[in-house]
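So this one's work-v3.tsv, TSV, N, CA and C atoms:
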```tsv
chain	number	residue	atom	x	y	z
A	1	MET	N	-4.09	30.02	1.99
A	1	MET	CA	-3.00	29.23	2.51
A	1	MET	C	-1.70	29.81	1.96
A	2	GLU	N	-0.68	29.85	2.80
A	2	GLU	CA	0.63	30.35	2.38
A	2	GLU	C	1.69	29.33	2.77
A	3	ASP	N	2.58	29.01	1.82
A	3	ASP	CA	3.61	28.01	2.07
A	3	ASP	C	4.89	28.49	1.41
A	4	SER	N	5.88	28.85	2.21
A	4	SER	CA	7.19	29.28	1.71
A	4	SER	C	7.10	30.42	0.70
A	5	GLY	N	6.25	31.40	0.99
A	5	GLY	CA	6.12	32.54	0.09
A	5	GLY	C	5.24	32.28	-1.11
A	6	ILE	N	4.68	31.09	-1.22
A	6	ILE	CA	3.77	30.75	-2.31
A	6	ILE	C	2.35	30.89	-1.77
A	7	LEU	N	1.52	31.64	-2.45
A	7	LEU	CA	0.15	31.88	-2.01
A	7	LEU	C	-0.78	30.92	-2.75
A	8	LYS	N	-1.75	30.34	-2.03
A	8	LYS	CA	-2.66	29.36	-2.63
A	8	LYS	C	-4.08	29.59	-2.14
A	9	LEU	N	-5.04	29.27	-3.01
A	9	LEU	CA	-6.45	29.30	-2.66
A	9	LEU	C	-7.14	28.19	-3.43
A	10	ASN	N	-7.90	27.36	-2.73
A	10	ASN	CA	-8.59	26.24	-3.37
A	10	ASN	C	-9.99	26.63	-3.79
A	11	GLY	N	-10.46	25.98	-4.85
A	11	GLY	CA	-11.81	26.19	-5.33
A	11	GLY	C	-12.36	24.90	-5.90
A	12	ILE	N	-13.65	24.92	-6.25
A	12	ILE	CA	-14.27	23.74	-6.84
A	12	ILE	C	-15.26	24.17	-7.92
A	13	ILE	N	-15.25	23.42	-9.00
A	13	ILE	CA	-16.19	23.66	-10.10
A	13	ILE	C	-17.33	22.65	-9.93
A	14	THR	N	-18.52	23.14	-9.67
A	14	THR	CA	-19.67	22.25	-9.52
A	14	THR	C	-20.54	22.25	-10.78
A	15	ASP	N	-20.42	23.30	-11.59
A	15	ASP	CA	-21.18	23.41	-12.84
A	15	ASP	C	-20.20	23.84	-13.94
A	16	TYR	N	-19.83	22.90	-14.79
A	16	TYR	CA	-18.83	23.19	-15.82
A	16	TYR	C	-19.33	24.17	-16.88
A	17	SER	N	-20.62	24.39	-16.96
A	17	SER	CA	-21.11	25.36	-17.95
A	17	SER	C	-20.71	26.78	-17.57
A	18	ILE	N	-20.33	26.98	-16.31
A	18	ILE	CA	-19.85	28.30	-15.86
A	18	ILE	C	-18.46	28.18	-15.23
A	19	TRP	N	-17.65	27.26	-15.75
A	19	TRP	CA	-16.31	27.03	-15.19
A	19	TRP	C	-15.47	28.30	-15.17
A	20	ASP	N	-15.57	29.09	-16.24
A	20	ASP	CA	-14.76	30.30	-16.33
A	20	ASP	C	-15.16	31.34	-15.29
A	21	ASP	N	-16.47	31.46	-15.03
A	21	ASP	CA	-16.93	32.38	-13.99
A	21	ASP	C	-16.47	31.92	-12.61
A	22	THR	N	-16.51	30.60	-12.38
A	22	THR	CA	-16.09	30.04	-11.09
A	22	THR	C	-14.61	30.34	-10.84
A	23	ILE	N	-13.78	30.10	-11.83
A	23	ILE	CA	-12.35	30.36	-11.67
A	23	ILE	C	-12.10	31.86	-11.50
A	24	HIS	N	-12.79	32.67	-12.29
A	24	HIS	CA	-12.61	34.12	-12.19
A	24	HIS	C	-13.01	34.64	-10.81
A	25	LEU	N	-14.15	34.20	-10.28
A	25	LEU	CA	-14.58	34.66	-8.96
A	25	LEU	C	-13.58	34.24	-7.88
A	26	CYS	N	-13.01	33.07	-8.04
A	26	CYS	CA	-11.99	32.61	-7.09
A	26	CYS	C	-10.72	33.47	-7.22
A	27	ALA	N	-10.37	33.84	-8.45
A	27	ALA	CA	-9.19	34.70	-8.66
A	27	ALA	C	-9.40	36.09	-8.06
A	28	VAL	N	-10.62	36.60	-8.15
A	28	VAL	CA	-10.94	37.90	-7.54
A	28	VAL	C	-10.84	37.78	-6.02
A	29	LYS	N	-11.36	36.69	-5.47
A	29	LYS	CA	-11.26	36.44	-4.02
A	29	LYS	C	-9.79	36.33	-3.61
A	30	PHE	N	-8.99	35.66	-4.44
A	30	PHE	CA	-7.55	35.53	-4.20
A	30	PHE	C	-6.92	36.93	-4.13
A	31	HIS	N	-7.26	37.78	-5.08
A	31	HIS	CA	-6.72	39.14	-5.12
A	31	HIS	C	-7.15	39.93	-3.89
A	32	ASP	N	-8.42	39.78	-3.49
A	32	ASP	CA	-8.91	40.48	-2.30
A	32	ASP	C	-8.16	40.02	-1.04
A	33	GLN	N	-7.85	38.74	-0.99
A	33	GLN	CA	-7.19	38.17	0.19
A	33	GLN	C	-5.69	38.47	0.23
A	34	PHE	N	-5.01	38.39	-0.92
A	34	PHE	CA	-3.55	38.50	-0.95
A	34	PHE	C	-3.02	39.77	-1.63
A	35	ASN	N	-3.91	40.55	-2.22
A	35	ASN	CA	-3.54	41.78	-2.92
A	35	ASN	C	-2.65	41.54	-4.14
A	36	VAL	N	-2.76	40.36	-4.72
A	36	VAL	CA	-2.06	40.02	-5.95
A	36	VAL	C	-2.91	38.95	-6.65
A	37	TYR	N	-2.90	38.97	-7.97
A	37	TYR	CA	-3.63	37.93	-8.70
A	37	TYR	C	-2.78	36.67	-8.81
A	38	PRO	N	-3.43	35.50	-8.86
A	38	PRO	CA	-2.67	34.26	-9.05
A	38	PRO	C	-2.10	34.21	-10.46
A	39	ASN	N	-1.10	33.35	-10.67
A	39	ASN	CA	-0.53	33.19	-12.01
A	39	ASN	C	-0.53	31.73	-12.47
A	40	ILE	N	-0.99	30.82	-11.60
A	40	ILE	CA	-1.02	29.40	-11.95
A	40	ILE	C	-2.37	28.81	-11.56
A	41	LEU	N	-2.92	27.98	-12.44
A	41	LEU	CA	-4.14	27.22	-12.17
A	41	LEU	C	-3.76	25.75	-12.15
A	42	LEU	N	-3.99	25.10	-11.01
A	42	LEU	CA	-3.71	23.67	-10.87
A	42	LEU	C	-5.02	22.90	-10.88
A	43	ALA	N	-5.06	21.80	-11.63
A	43	ALA	CA	-6.21	20.91	-11.65
A	43	ALA	C	-5.75	19.57	-12.20
A	44	CYS	N	-6.59	18.55	-12.01
A	44	CYS	CA	-6.24	17.22	-12.53
A	44	CYS	C	-6.63	17.12	-14.00
A	45	ASP	N	-6.17	16.09	-14.65
A	45	ASP	CA	-6.41	15.88	-16.07
A	45	ASP	C	-7.90	15.83	-16.40
A	46	PHE	N	-8.69	15.14	-15.59
A	46	PHE	CA	-10.12	15.02	-15.84
A	46	PHE	C	-10.79	16.39	-15.82
A	47	THR	N	-10.43	17.21	-14.84
A	47	THR	CA	-11.00	18.56	-14.75
A	47	THR	C	-10.64	19.37	-15.98
A	48	TYR	N	-9.38	19.30	-16.42
A	48	TYR	CA	-8.99	20.04	-17.62
A	48	TYR	C	-9.72	19.54	-18.86
A	49	ARG	N	-9.95	18.24	-18.95
A	49	ARG	CA	-10.69	17.71	-20.11
A	49	ARG	C	-12.11	18.24	-20.13
A	50	LYS	N	-12.75	18.30	-18.96
A	50	LYS	CA	-14.12	18.84	-18.88
A	50	LYS	C	-14.12	20.34	-19.19
A	51	ILE	N	-13.15	21.08	-18.65
A	51	ILE	CA	-13.05	22.51	-18.95
A	51	ILE	C	-12.89	22.70	-20.45
A	52	ASP	N	-12.01	21.92	-21.06
A	52	ASP	CA	-11.76	22.04	-22.49
A	52	ASP	C	-13.01	21.76	-23.31
A	53	LEU	N	-13.76	20.76	-22.91
A	53	LEU	CA	-15.01	20.42	-23.60
A	53	LEU	C	-15.97	21.61	-23.60
A	54	TYR	N	-16.13	22.23	-22.45
A	54	TYR	CA	-17.02	23.38	-22.34
A	54	TYR	C	-16.42	24.63	-22.99
A	55	ALA	N	-15.12	24.79	-22.93
A	55	ALA	CA	-14.47	25.94	-23.56
A	55	ALA	C	-14.69	25.92	-25.07
A	56	GLN	N	-14.67	24.74	-25.67
A	56	GLN	CA	-14.85	24.64	-27.11
A	56	GLN	C	-16.26	25.02	-27.56
A	57	MET	N	-17.18	25.17	-26.62
A	57	MET	CA	-18.52	25.67	-26.95
A	57	MET	C	-18.47	27.16	-27.25
A	58	HIS	N	-17.35	27.81	-26.94
A	58	HIS	CA	-17.13	29.23	-27.22
A	58	HIS	C	-15.82	29.37	-28.00
A	59	PRO	N	-15.77	28.86	-29.22
A	59	PRO	CA	-14.51	28.86	-29.97
A	59	PRO	C	-13.93	30.25	-30.23
A	60	ASP	N	-14.78	31.27	-30.21
A	60	ASP	CA	-14.29	32.63	-30.42
A	60	ASP	C	-13.43	33.12	-29.26
A	61	ARG	N	-13.49	32.43	-28.11
A	61	ARG	CA	-12.70	32.83	-26.94
A	61	ARG	C	-11.37	32.09	-26.86
A	62	ILE	N	-11.19	31.06	-27.68
A	62	ILE	CA	-9.95	30.30	-27.67
A	62	ILE	C	-9.03	30.90	-28.72
A	63	LYS	N	-7.99	31.58	-28.27
A	63	LYS	CA	-7.13	32.38	-29.15
A	63	LYS	C	-5.71	31.83	-29.19
A	64	ILE	N	-5.05	32.11	-30.29
A	64	ILE	CA	-3.63	31.80	-30.45
A	64	ILE	C	-3.00	33.00	-31.13
A	65	THR	N	-1.80	33.36	-30.70
A	65	THR	CA	-1.09	34.49	-31.28
A	65	THR	C	0.15	33.97	-31.98
A	66	ASP	N	0.33	34.39	-33.24
A	66	ASP	CA	1.50	33.92	-33.99
A	66	ASP	C	2.71	34.80	-33.70
A	67	ASP	N	3.82	34.46	-34.33
A	67	ASP	CA	5.08	35.18	-34.10
A	67	ASP	C	5.01	36.66	-34.49
A	68	ASP	N	4.10	37.00	-35.40
A	68	ASP	CA	3.96	38.39	-35.84
A	68	ASP	C	2.98	39.18	-34.99
A	69	GLY	N	2.40	38.53	-33.96
A	69	GLY	CA	1.45	39.21	-33.09
A	69	GLY	C	0.02	39.14	-33.57
A	70	ASN	N	-0.23	38.40	-34.65
A	70	ASN	CA	-1.60	38.25	-35.15
A	70	ASN	C	-2.33	37.22	-34.31
A	71	THR	N	-3.59	37.51	-33.99
A	71	THR	CA	-4.39	36.61	-33.16
A	71	THR	C	-5.44	35.93	-34.02
A	72	GLU	N	-5.56	34.62	-33.82
A	72	GLU	CA	-6.58	33.84	-34.52
A	72	GLU	C	-7.35	33.04	-33.48
A	73	THR	N	-8.53	32.56	-33.88
A	73	THR	CA	-9.30	31.70	-33.01
A	73	THR	C	-9.01	30.25	-33.38
A	74	ILE	N	-9.50	29.35	-32.57
A	74	ILE	CA	-9.32	27.93	-32.82
A	74	ILE	C	-9.91	27.54	-34.19
A	75	GLU	N	-10.95	28.26	-34.62
A	75	GLU	CA	-11.60	27.96	-35.89
A	75	GLU	C	-10.81	28.44	-37.10
A	76	THR	N	-10.04	29.52	-36.94
A	76	THR	CA	-9.32	30.08	-38.09
A	76	THR	C	-7.85	29.70	-38.13
A	77	SER	N	-7.33	29.17	-37.04
A	77	SER	CA	-5.91	28.83	-36.98
A	77	SER	C	-5.64	27.49	-37.66
A	78	SER	N	-4.46	27.40	-38.28
A	78	SER	CA	-4.05	26.14	-38.89
A	78	SER	C	-3.20	25.32	-37.92
A	79	GLU	N	-2.94	25.86	-36.72
A	79	GLU	CA	-2.15	25.16	-35.72
A	79	GLU	C	-2.98	24.06	-35.07
A	80	PRO	N	-2.37	22.91	-34.79
A	80	PRO	CA	-3.11	21.85	-34.11
A	80	PRO	C	-3.53	22.29	-32.71
A	81	TYR	N	-4.70	21.84	-32.29
A	81	TYR	CA	-5.22	22.19	-30.98
A	81	TYR	C	-5.09	21.00	-30.05
A	82	ASN	N	-4.32	21.18	-28.96
A	82	ASN	CA	-4.11	20.11	-27.99
A	82	ASN	C	-4.64	20.48	-26.62
A	83	GLY	N	-5.53	21.44	-26.55
A	83	GLY	CA	-6.08	21.87	-25.27
A	83	GLY	C	-5.57	23.24	-24.87
A	84	LEU	N	-6.21	23.78	-23.86
A	84	LEU	CA	-5.85	25.11	-23.37
A	84	LEU	C	-4.57	25.06	-22.55
A	85	SER	N	-3.80	26.11	-22.65
A	85	SER	CA	-2.60	26.21	-21.82
A	85	SER	C	-2.66	27.42	-20.90
A	86	HIS	N	-3.57	28.36	-21.17
A	86	HIS	CA	-3.69	29.56	-20.35
A	86	HIS	C	-5.16	29.99	-20.26
A	87	PHE	N	-5.46	30.69	-19.19
A	87	PHE	CA	-6.77	31.31	-18.97
A	87	PHE	C	-6.48	32.77	-18.69
A	88	ALA	N	-7.10	33.68	-19.43
A	88	ALA	CA	-6.75	35.09	-19.30
A	88	ALA	C	-7.97	35.99	-19.19
A	89	THR	N	-7.79	37.06	-18.44
A	89	THR	CA	-8.76	38.15	-18.38
A	89	THR	C	-7.97	39.44	-18.62
A	90	GLU	N	-8.63	40.55	-18.49
A	90	GLU	CA	-7.93	41.83	-18.66
A	90	GLU	C	-6.92	42.07	-17.53
A	91	ASP	N	-7.17	41.46	-16.36
A	91	ASP	CA	-6.35	41.74	-15.18
A	91	ASP	C	-5.25	40.73	-14.89
A	92	TYR	N	-5.39	39.50	-15.37
A	92	TYR	CA	-4.43	38.46	-15.02
A	92	TYR	C	-4.45	37.35	-16.06
A	93	GLU	N	-3.41	36.51	-16.00
A	93	GLU	CA	-3.32	35.33	-16.85
A	93	GLU	C	-2.85	34.16	-15.98
A	94	LEU	N	-3.54	33.03	-16.13
A	94	LEU	CA	-3.21	31.82	-15.38
A	94	LEU	C	-2.61	30.79	-16.32
A	95	GLU	N	-1.49	30.22	-15.93
A	95	GLU	CA	-0.91	29.12	-16.68
A	95	GLU	C	-1.51	27.83	-16.14
A	96	CYS	N	-2.04	27.00	-17.03
A	96	CYS	CA	-2.68	25.74	-16.63
A	96	CYS	C	-1.61	24.67	-16.39
A	97	CYS	N	-1.59	24.14	-15.16
A	97	CYS	CA	-0.62	23.11	-14.78
A	97	CYS	C	-1.35	21.96	-14.12
A	98	MET	N	-0.77	20.77	-14.23
A	98	MET	CA	-1.38	19.56	-13.70
A	98	MET	C	-1.06	19.36	-12.22
A	99	ASP	N	-2.05	18.87	-11.51
A	99	ASP	CA	-1.88	18.37	-10.15
A	99	ASP	C	-2.79	17.16	-10.03
A	100	CYS	N	-2.23	15.99	-10.27
A	100	CYS	CA	-3.01	14.75	-10.29
A	100	CYS	C	-3.59	14.39	-8.94
A	101	ALA	N	-3.11	15.01	-7.87
A	101	ALA	CA	-3.62	14.72	-6.53
A	101	ALA	C	-4.96	15.40	-6.26
A	102	LEU	N	-5.34	16.38	-7.09
A	102	LEU	CA	-6.60	17.08	-6.87
A	102	LEU	C	-7.77	16.23	-7.36
A	103	ALA	N	-8.87	16.31	-6.65
A	103	ALA	CA	-10.08	15.57	-7.02
A	103	ALA	C	-10.75	16.22	-8.22
A	104	GLU	N	-11.59	15.46	-8.88
A	104	GLU	CA	-12.36	15.97	-10.02
A	104	GLU	C	-13.13	17.22	-9.61
A	105	GLY	N	-12.98	18.29	-10.40
A	105	GLY	CA	-13.67	19.55	-10.14
A	105	GLY	C	-12.92	20.50	-9.22
A	106	SER	N	-11.99	19.97	-8.46
A	106	SER	CA	-11.21	20.82	-7.55
A	106	SER	C	-10.08	21.50	-8.32
A	107	PHE	N	-9.75	22.71	-7.90
A	107	PHE	CA	-8.62	23.41	-8.49
A	107	PHE	C	-7.96	24.25	-7.42
A	108	THR	N	-6.74	24.63	-7.67
A	108	THR	CA	-5.98	25.49	-6.77
A	108	THR	C	-5.41	26.64	-7.58
A	109	LEU	N	-5.62	27.85	-7.09
A	109	LEU	CA	-4.99	29.03	-7.68
A	109	LEU	C	-3.74	29.32	-6.87
A	110	VAL	N	-2.67	29.64	-7.57
A	110	VAL	CA	-1.37	29.84	-6.93
A	110	VAL	C	-0.74	31.13	-7.45
A	111	PHE	N	-0.10	31.85	-6.55
A	111	PHE	CA	0.80	32.91	-6.97
A	111	PHE	C	2.19	32.48	-6.55
A	112	ASP	N	3.05	32.33	-7.53
A	112	ASP	CA	4.45	31.97	-7.30
A	112	ASP	C	5.27	32.88	-8.20
A	113	GLU	N	6.03	33.76	-7.59
A	113	GLU	CA	6.81	34.73	-8.36
A	113	GLU	C	7.84	34.06	-9.26
A	114	GLU	N	8.39	32.95	-8.80
A	114	GLU	CA	9.40	32.23	-9.58
A	114	GLU	C	9.08	30.74	-9.58
A	115	PRO	N	8.07	30.33	-10.33
A	115	PRO	CA	7.70	28.91	-10.32
A	115	PRO	C	8.80	28.03	-10.91
A	116	ASP	N	9.04	26.89	-10.26
A	116	ASP	CA	10.05	25.97	-10.77
A	116	ASP	C	9.43	24.66	-11.21
A	117	PHE	N	8.11	24.53	-11.07
A	117	PHE	CA	7.39	23.35	-11.52
A	117	PHE	C	8.00	22.08	-10.96
A	118	ASP	N	8.03	22.02	-9.62
A	118	ASP	CA	8.49	20.86	-8.85
A	118	ASP	C	9.94	20.49	-9.12
A	119	GLY	N	10.76	21.48	-9.35
A	119	GLY	CA	12.18	21.22	-9.52
A	119	GLY	C	12.58	20.78	-10.91
A	120	GLU	N	11.59	20.56	-11.78
A	120	GLU	CA	11.91	20.19	-13.15
A	120	GLU	C	12.48	21.43	-13.86
A	121	PRO	N	13.50	21.25	-14.66
A	121	PRO	CA	14.03	22.41	-15.38
A	121	PRO	C	12.98	22.94	-16.34
A	122	VAL	N	12.87	24.26	-16.39
A	122	VAL	CA	11.93	24.89	-17.29
A	122	VAL	C	12.58	24.95	-18.66
A	123	GLU	N	11.98	24.26	-19.60
A	123	GLU	CA	12.55	24.22	-20.94
A	123	GLU	C	11.87	25.27	-21.81
A	124	LYS	N	12.62	25.81	-22.70
A	124	LYS	CA	12.06	26.75	-23.65
A	124	LYS	C	11.11	25.98	-24.56
A	125	PRO	N	9.89	26.48	-24.77
A	125	PRO	CA	8.95	25.75	-25.61
A	125	PRO	C	9.49	25.56	-27.02
A	126	ASP	N	9.10	24.48	-27.62
A	126	ASP	CA	9.45	24.20	-29.01
A	126	ASP	C	8.99	25.38	-29.85
A	127	GLU	N	9.85	25.85	-30.72
A	127	GLU	CA	9.52	27.02	-31.54
A	127	GLU	C	8.26	26.81	-32.38
A	128	THR	N	7.96	25.56	-32.73
A	128	THR	CA	6.78	25.29	-33.53
A	128	THR	C	5.53	25.11	-32.68
A	129	GLU	N	5.70	24.94	-31.36
A	129	GLU	CA	4.57	24.72	-30.48
A	129	GLU	C	3.91	26.06	-30.15
A	130	LYS	N	2.63	26.17	-30.43
A	130	LYS	CA	1.86	27.37	-30.15
A	130	LYS	C	0.92	27.09	-28.98
A	131	ILE	N	0.61	28.12	-28.21
A	131	ILE	CA	-0.25	27.92	-27.07
A	131	ILE	C	-1.61	28.57	-27.30
A	132	TYR	N	-2.63	27.88	-26.86
A	132	TYR	CA	-3.99	28.40	-26.94
A	132	TYR	C	-4.39	28.95	-25.58
A	133	THR	N	-4.98	30.14	-25.60
A	133	THR	CA	-5.41	30.84	-24.40
A	133	THR	C	-6.90	31.05	-24.47
A	134	TYR	N	-7.60	30.77	-23.38
A	134	TYR	CA	-9.03	31.06	-23.27
A	134	TYR	C	-9.15	32.46	-22.71
A	135	ARG	N	-9.77	33.35	-23.48
A	135	ARG	CA	-9.95	34.74	-23.07
A	135	ARG	C	-11.35	34.92	-22.50
A	136	LYS	N	-11.40	35.15	-21.20
A	136	LYS	CA	-12.69	35.35	-20.54
A	136	LYS	C	-13.23	36.71	-20.86
A	137	ILE	N	-14.51	36.74	-21.19
A	137	ILE	CA	-15.19	38.01	-21.44
A	137	ILE	C	-15.79	38.46	-20.12
A	138	ALA	N	-15.57	39.72	-19.76
A	138	ALA	CA	-16.01	40.26	-18.45
A	138	ALA	C	-17.46	40.06	-18.18
```
Just dump the structure as structure tokens.
Amino acid sequence: MEDSGILKLNGIITDYSIWDDTIHLCAVKFHDQFNVYPNILLACDFTYRKIDLYAQMHPDRIKITDDDGNTETIETSSEPYNGLSHFATEDYELECCMDCALAEGSFTLVFDEEPDFDGEPVEKPDETEKIYTYRKIA
């Protein structure tokens, strides 16, 4: 689906134990269809909570990078963990964003060159706020 230069592709997670594979396969399909990888992952709060629950079963994949470029896992970091904010592979990175209108398990991959997040001003993240990224292993 294409809307005002924004590319979208919908997907559904039916088995959360392989949520990362499901999203990755959809991202590859997105790339095949549009010749660009998506940069935004939209899902509802419930879907993100389920993803987070299963992601924590692989704590070595949940990474945080400090200001000096050092990478730690959720187990070794002293930073508070409030859930994933990004999903990354070697080829692309998806920023996790909310879409409360999506049903449980449904997600939308989006490519938006200049996302404005529904007209809300994009604020610079708090300097003390660190982001956790789930790194998918090929």
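DSSP, applied to the backbone of this structure, assigns strand (DSSP E or B) to the following residues of segment 28-61 of chain A: Ile40, Leu41, Leu42 and Ala43 of chain A.
Among A:Phe34, A:Phe46, A:Asp20, A:Asp15, the residue with the shortest atom-to-atom distance to Glu104 of chain A, counting only N, CA and C atoms, is A:Phe46.
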When you look at segment 49-66 of chain A with a cut-off of 8 Å (counting all atoms listed in the file), what residues show up, excluding the ones that are within fewer than 5 positions of it in the same chain? I need them as an NGL selection string. :A and (16-20 or 44 or 71-77 or 83-84 or 130-137)
Atom C of Leu41 of chain A sits from atom C of Asp68 of chain A at a separation of 27.3 Å
Report, as AutoDock Vina command-line options, the axis-aligned box around all atoms of segment 35-46 of chain A present in the file, extended by 3 Å on each side; give centre and edge lengths in Å to one decimal place.
```
--center_x -5.7 --center_y 28.4 --center_z -9.3 --size_x 16.3 --size_y 32.8 --size_z 20.2
```
Surrounding residues of Cys97 of chain A excluding itself and chain neighbours under 5 positions, 8 Å, only N, CA and C atoms, as a list in words: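 After dropping sequence-adjacent residues, the list is Ile40, Leu41, Leu42, Ala43, Cys44, Asp45, Ser85 and His86 of chain A.
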Mind listing the alpha helix (DSSP H) residues of chain A, per DSSP on the backbone, as a list of chain:residue names?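 Answer for chain A restricted to alpha helix (DSSP H) is A:Trp19, A:Asp20, A:Asp21, A:Thr22, A:Ile23, A:His24, A:Leu25, A:Cys26, A:Ala27, A:Val28, A:Lys29, A:Phe30, A:His31, A:Asp32, A:Gln33, A:Phe34, A:Asp45, A:Phe46, A:Thr47, A:Tyr48, A:Arg49, A:Lys50, A:Ile51, A:Asp52, A:Leu53, A:Tyr54, A:Ala55.
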One number please: atom N of Asn10 of chain A to atom N of Phe107 of chain A, in Å, one decimal. 7.2 Å
Close residues, Phe111 of chain A itself excluded, 5 Å, all atoms listed in the file, min 5 positions apart in chain, as a count of residues only: 4
Expected answer as an MDAnalysis selection string: all residues with atoms within 5 Å of (-13.4, 20.2, -6.0), only N, CA and C atoms: chainID A and resid 11:13 104:107
Two-atom distance - atom C of Tyr48 of chain A, atom C of His31 of chain A (Å):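 Between atom C of Tyr48 of chain A and atom C of His31 of chain A the gap works out to 25.4 Å.
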With only C-alpha atoms as the atoms that count, which of A:Glu79, A:Asp91, A:Asp99, A:Asp112 lies nearest to Ala27 of chain A?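 Closest residue, counting only C-alpha atoms: A:Asp91.
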Starting from the incomplete input, reconstruct N, CA, C and O atoms of segment 92-104 of chain A and write that as a compact mmCIF listing (two decimals), in the coordinates of the input.
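And here is the file that came out, rebuild08.txt:
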```
# COMPACT_ATOMS: atom_id res chain seq x y z
N TYR A 92 -5.39 39.50 -15.37
CA TYR A 92 -4.43 38.46 -15.02
C TYR A 92 -4.45 37.35 -16.06
O TYR A 92 -5.36 37.26 -16.88
N GLU A 93 -3.41 36.51 -16.00
CA GLU A 93 -3.32 35.33 -16.85
C GLU A 93 -2.85 34.16 -15.98
O GLU A 93 -1.90 34.29 -15.21
N LEU A 94 -3.54 33.03 -16.13
CA LEU A 94 -3.21 31.82 -15.38
C LEU A 94 -2.61 30.79 -16.32
O LEU A 94 -3.18 30.52 -17.37
N GLU A 95 -1.49 30.22 -15.93
CA GLU A 95 -0.91 29.12 -16.68
C GLU A 95 -1.51 27.83 -16.14
O GLU A 95 -1.51 27.59 -14.93
N CYS A 96 -2.04 27.00 -17.03
CA CYS A 96 -2.68 25.74 -16.63
C CYS A 96 -1.61 24.67 -16.39
O CYS A 96 -0.83 24.35 -17.28
N CYS A 97 -1.59 24.14 -15.16
CA CYS A 97 -0.62 23.11 -14.78
C CYS A 97 -1.35 21.96 -14.12
O CYS A 97 -2.40 22.13 -13.51
N MET A 98 -0.77 20.77 -14.23
CA MET A 98 -1.38 19.56 -13.70
C MET A 98 -1.06 19.36 -12.22
O MET A 98 0.06 19.63 -11.78
N ASP A 99 -2.05 18.87 -11.51
CA ASP A 99 -1.88 18.37 -10.15
C ASP A 99 -2.79 17.16 -10.03
O ASP A 99 -3.98 17.29 -9.74
N CYS A 100 -2.23 15.99 -10.27
CA CYS A 100 -3.01 14.75 -10.29
C CYS A 100 -3.59 14.39 -8.94
O CYS A 100 -4.48 13.55 -8.85
N ALA A 101 -3.11 15.01 -7.87
CA ALA A 101 -3.62 14.72 -6.53
C ALA A 101 -4.96 15.40 -6.26
O ALA A 101 -5.66 15.03 -5.32
N LEU A 102 -5.34 16.38 -7.09
CA LEU A 102 -6.60 17.08 -6.87
C LEU A 102 -7.77 16.23 -7.36
O LEU A 102 -7.67 15.54 -8.38
N ALA A 103 -8.87 16.31 -6.65
CA ALA A 103 -10.08 15.57 -7.02
C ALA A 103 -10.75 16.22 -8.22
O ALA A 103 -10.51 17.40 -8.53
N GLU A 104 -11.59 15.46 -8.88
CA GLU A 104 -12.36 15.97 -10.02
C GLU A 104 -13.13 17.22 -9.61
O GLU A 104 -13.80 17.25 -8.59
```
